[in-house]
Number of protein chains: 2
Amino acid sequence: MINDKLHLVQSENCCEPVARSTFNPESEEIKAFAAIFAALSDPHRLAILKLLSESEGEVCVCDITGSFKLGQPTISHHLKILKEAGLVNGDKRGKWVYYSLVHSKATEIKELVDRVLAASVLSVR
Amino acid sequence: MINDKLHLVQSENCCEPVARSTFNPESEEIKAFAAIFAALSDPHRLAILKLLSESEGEVCVCDITGSFKLGQPTISHHLKILKEAGLVNGDKRGKWVYYSLVHSKATEIKELVDRVLAASVLSVR
DNA sequence: AATATACATTGACAACCATCACTACGTTTG
DNA sequence: CAAACGTAGTGATGGTTGTCAATGTATATT
């Protein structure tokens, strides 16, 4: 009886039993995915990434700071988040720190999107 | 004097002047981008999306609720965020509401990633 | 050595977010 | 019509996030 109820997922009349569980929201893997998207979820960070992608090569913090209305500590804060998400690299040379995109991340994120959102139909075909 | 300081961006010796501005972090467009990524930035929402992608077709809320340790109002809350971001559709039929993926969104998001992160080198080639 | 510069860190604060218990609403069933 | 059910909305609460002012820490310049 109880077992029945368990594997019937709740009720049998709303829809067919569903492919349970997918992935576990408490796993470190998913949390890492979420963190990457969280890094992309701020307009200023998107603009910073775009700035880096447009300037081939490296950009020092002073140029980034000069491009937005935010204070320097706030820019530093955003850069830290981007760095921790693996989206940018920071190289300190002398007085300056030069930031650049981690280009492989774009591919990685797109694969991630596919992994979460791709229709199962596509994977079967 | 003061003008000089303004248009010199800060200093001229750290690196060459940089391709300014990119896109504007205060534009509605970028805020919309950020909102999409924000919708993806929660582990439970990622798991819900994965669940939807694995079950071809539609899934009613009761099945989603049954798949996670969250309370029903919390699931409803997450579904609302996903819906507002255009990631899922909700169809009420009788007592139940069936949610399904908006499949076109995957492509849209990947294009978005390219737009923000693609190396300018690649676009030139 | 003293000062200035470039950037990071800290602490504070307001705004936002995830979650829950409770309630409300519409639909279905009896 | 009344009761039960599935889902959404509300209000409260603890935690997180974006921002700034102030401070710290290297490096460079004088």
# chains A, B, ... in the order shown; residues from 1 in each chain; ligands from 1

$ interface_residues --of "chain B" --to "chain A" --cutoff "7 Å" --atoms "only C-alpha atoms" --output "MDAnalysis selection string"
chainID B and resid 9:10 14 18:25 30:31 34:35 37:38 40:44 46:47 49:51 53:56 60 62:63 66:67 96 103 106 110 113:114 116:120

$ select_by_dssp --residues "segment 29-124 of chain A" --states "helix (DSSP H, G or I)" --output "number ranges by chain"
A: 29-39, 43-54, 61-67, 72-84, 104-117, 120-124

$ interface_residues --of "chain D" --to "chain B" --cutoff "12 Å" --atoms "only C-alpha atoms (C1' of nucleotides)" --output "PyMOL selection string"
chain D and resi 4-10

$ write_last_selection --atoms "C-alpha atoms (C1' of nucleotides)" --output "mmCIF file, in the first residue's frame"
data_model
loop_
_atom_site.group_PDB
_atom_site.id
_atom_site.type_symbol
_atom_site.label_atom_id
_atom_site.label_comp_id
_atom_site.auth_asym_id
_atom_site.auth_seq_id
_atom_site.Cartn_x
_atom_site.Cartn_y
_atom_site.Cartn_z
ATOM 1 C "C1'" DA D 4 -11.923 18.065 -1.061
ATOM 2 C "C1'" DC D 5 -8.187 18.926 -3.958
ATOM 3 C "C1'" DG D 6 -4.495 21.393 -6.832
ATOM 4 C "C1'" DT D 7 -2.282 25.503 -7.259
ATOM 5 C "C1'" DA D 8 -1.314 30.481 -6.558
ATOM 6 C "C1'" DG D 9 -0.868 34.430 -3.503
ATOM 7 C "C1'" DT D 10 0.618 36.760 1.121
#

$ interface_residues --of "chain C" --to "chain A" --cutoff "8 Å" --atoms "only C-alpha atoms (C1' of nucleotides)" --output "list in words"
DT5, DA6, DC7 and DA8 of chain C

$ atom_distance --atom1 "atom C1' of DT29 of chain D" --atom2 "atom C1' of DA1 of chain C"
12.1 Å

$ closest_residue --among "D:DG11, D:DT19, D:DC1, D:DT27" --to "DA15 of chain C" --atoms "only C-alpha atoms (C1' of nucleotides)"
D:DT19
